[in-house]
Amino acid sequence: MAIMKRKILITGGAGFIGSHVIRLFVKKYPEYSIINLDKLTYAANLENLHDIESYPNYRFIKGDIVDLNFLNILFQKEAVDGVIHLAAESHVDRSLENPAEFVNTNVLGTLNLLQAALKSWGGNLEGKRFYQVSTDEVYGSAEHGDFFTEKTPIDPKSPYSASKAAADHFVSAYQNSFKLPTLISRCSNNYGPNHFPEKLIPLMINNILTDKPLPVYGKGENIRDWLYVEDHASAIDIIFHSGKIGEVYNIGGNNEWKNIDLIHALCKIMDEKLNKEPGTSAKLITYVKDRAGHDLRYAIDSSKLQSQLGWSPSVTFEAGLEKTVDWYLSNRDWLNHVTSGAYKDYYAGMYQNR
Ligand code: NAD
Ligand code: DAU
């Protein structure tokens, strides 16, 4: 079989999920040329990619997806034939503080990428792919017993999810109006190594390590469906290569946890790993003011992806959580670097009233 060469632009590759997608593609497809385009916001960390930065099929370019002129020049110079778009503002709490930033990056940035891809691919769409990495949050909050399918109406409830939903609509509109070959996937909550410690799991790990309160929003009864980040990356690989153009695919772990139960499970692992008395970490649990408009439950039905493209999650939650804790414990430098500077200012601002 002839080796197919591809030049793929992956946006947001210095972030949490993007770095795992970059690593998978760079290692699995030595014949591809992988470009990581990232603005390097507070959420980015090129240390995430230290192990693959010298691979000959990998290149990093610093740039902003909101800058259309920059994108047009990049697409002209690089002749990419695939885009996997992960760059975004991704934290719901930040979207409540500064919604305009989310419209700018997530909506205008996505529109500009679509426009630059269309302009560059224009006459020849054969073999091209524009893949939008989206989120289950665009479906809103699920009633108990219900699951989000790809046909569930879009009903976003936070500025973050509204911006991702708007971006998804633009992707579909470019498919419909201009026949741009697009794909969209919507995944549930990811966890794993390199997760920025303002999100639930790494924040709790970091606070246990530094003996700080573990802030549980509201009563801790909100439910999330957790997926190990490498399983999300493998789903993206399969959808990019085998997904049907114009389709949406849900990705999820079928692994629902109430926040408070998850935090207790994490505390137990941390006590074991740190040789502490059982119950020590859980004493840090502190109930704080709820997130505004806090979605109660996310629950993904990923049967379309499983039955049509043969994907399934490979890491159980028990194994994944332990692997994640081990990673944070043996990568204290990573954690210390991230928790210094801008992150600390943000943390102080966000939690001062809680
Ligand atoms: P992240 O916040 O860790 O990383 C986002 C990356 O995008 C950062 O490296 C940042 O520098 C970059 N970026 C931001 N604005 C940019 C701009 N204007 N130009 C170029 N780069 C820019 O996010 P994540 O958690 O890795 O999520 C990645 C994608 O996956 C997002 O689109 C998110 O909506 C989606 N998603 C995330 C989850 C999750 O649980 N984290 C679940 C489902 C979907
Ligand atoms: O569902 C996919 C989404 O998952 C992605 O699209 C987002 O980019 C990603 O950030 C994540 O969103 P959540 O809001 O679900 O993740 P977060 O880690 O911020 O919060 C998870 C749950 O934990 C949520 O119910 C809020 C709660 N929480 C969070 C933090 C940071 C707390 O109780 N305390 C906290 O300190």
# chains A, B, ... in the order shown; residues from 1 in each chain; ligands from 1
>>> residues_near_ligand(ligand="ligand 2", cutoff="6 Å", atoms="only C-alpha atoms and all ligand atoms", output="list in words")
Ser90, His91, Val92, Thr135, Asp136, Glu137, Ser188, Asn189, Glu198, Lys199, Leu200, Pro215, Val216, Tyr217, Gly220, Asn222 and Asn259 of chain A
>>> residues_around(residues="Gly122 of chain A", least_positions_apart="6", cutoff="10 Å", atoms="only C-alpha atoms", output="list in words")
Gln115, Ala116, Phe178, Lys179 and Leu180 of chain A
>>> write_last_selection(atoms="N, CA and C atoms", output="mmCIF file, in the first residue's frame")
data_model
loop_
_atom_site.group_PDB
_atom_site.id
_atom_site.type_symbol
_atom_site.label_atom_id
_atom_site.label_comp_id
_atom_site.auth_asym_id
_atom_site.auth_seq_id
_atom_site.Cartn_x
_atom_site.Cartn_y
_atom_site.Cartn_z
ATOM 1 N N GLN A 115 -12.364 30.135 6.873
ATOM 2 C CA GLN A 115 -12.204 31.024 5.722
ATOM 3 C C GLN A 115 -10.846 30.817 5.061
ATOM 4 N N ALA A 116 -9.805 30.715 5.894
ATOM 5 C CA ALA A 116 -8.449 30.541 5.355
ATOM 6 C C ALA A 116 -8.324 29.189 4.657
ATOM 7 N N PHE A 178 -20.457 25.850 1.191
ATOM 8 C CA PHE A 178 -19.280 25.866 0.307
ATOM 9 C C PHE A 178 -18.693 24.485 0.067
ATOM 10 N N LYS A 179 -19.373 23.443 0.587
ATOM 11 C CA LYS A 179 -18.914 22.042 0.433
ATOM 12 C C LYS A 179 -17.536 21.803 1.045
ATOM 13 N N LEU A 180 -17.192 22.610 2.035
ATOM 14 C CA LEU A 180 -15.936 22.354 2.751
ATOM 15 C C LEU A 180 -16.056 20.993 3.438
#
>>> closest_residue(among="A:Thr339, A:Thr41, A:Ser330, A:Thr110", to="ligand 1", atoms="only C-alpha atoms and all ligand atoms")
A:Thr41
>>> residues_near_ligand(ligand="ligand 1", cutoff="8 Å", atoms="only C-alpha atoms and all ligand atoms", output="compact mmCIF listing (two decimals) with C-alpha atoms, in the first residue's frame")
# COMPACT_ATOMS: atom_id res chain seq x y z
CA THR A 11 -4.37 24.18 16.41
CA GLY A 12 -4.06 24.45 20.19
CA GLY A 13 -1.40 21.74 20.28
CA ALA A 14 0.35 23.22 23.31
CA GLY A 15 -2.77 22.81 25.44
CA PHE A 16 -3.93 19.77 27.37
CA ILE A 17 -5.72 17.63 24.76
CA GLY A 18 -3.87 19.13 21.80
CA SER A 19 -0.51 17.98 23.15
CA LEU A 37 -0.23 26.29 15.67
CA ASP A 38 -0.73 27.82 19.10
CA LYS A 39 -0.93 31.36 20.47
CA LEU A 40 0.54 30.19 23.80
CA THR A 41 -2.11 31.62 26.11
CA TYR A 42 -2.03 31.00 29.88
CA ALA A 43 -3.31 27.44 29.19
CA ALA A 44 -0.49 26.46 26.87
CA ASN A 45 2.69 24.75 27.91
CA LYS A 62 3.32 30.58 17.34
CA GLY A 63 0.27 32.39 16.00
CA ASP A 64 -3.25 33.57 16.66
CA ILE A 65 -6.26 32.02 14.87
CA VAL A 66 -8.06 35.35 15.24
CA HIS A 85 -8.88 22.45 15.31
CA LEU A 86 -8.55 22.36 19.09
CA ALA A 87 -7.45 25.93 19.87
CA ALA A 88 -9.97 27.53 22.18
CA GLU A 89 -10.63 29.24 25.42
CA SER A 90 -11.79 26.16 27.30
CA HIS A 91 -12.64 26.99 30.93
CA ASN A 104 -13.26 36.23 19.89
CA THR A 105 -11.19 33.04 20.12
CA ASN A 106 -13.81 30.32 19.76
CA GLY A 109 -11.03 32.24 15.44
CA GLN A 132 -13.63 20.77 14.58
CA VAL A 133 -12.98 19.39 18.08
CA SER A 134 -16.05 20.35 20.07
CA THR A 135 -17.64 19.50 23.39
CA ASP A 136 -20.67 17.73 24.87
CA GLU A 137 -21.46 21.02 26.64
CA LYS A 164 -18.41 26.39 20.99
CA ARG A 186 -18.19 16.35 20.75
CA CYS A 187 -16.42 14.83 23.71
CA SER A 188 -17.15 14.58 27.41
CA ASN A 189 -14.77 15.68 30.22
CA ASN A 190 -11.17 14.63 29.69
CA TYR A 191 -8.60 13.93 32.40
CA HIS A 195 -4.19 18.93 32.51
CA PHE A 196 -4.01 22.57 33.59
>>> atom_distance(atom1="atom CA of Thr324 of chain A", atom2="atom CA of Lys283 of chain A")
21.5 Å
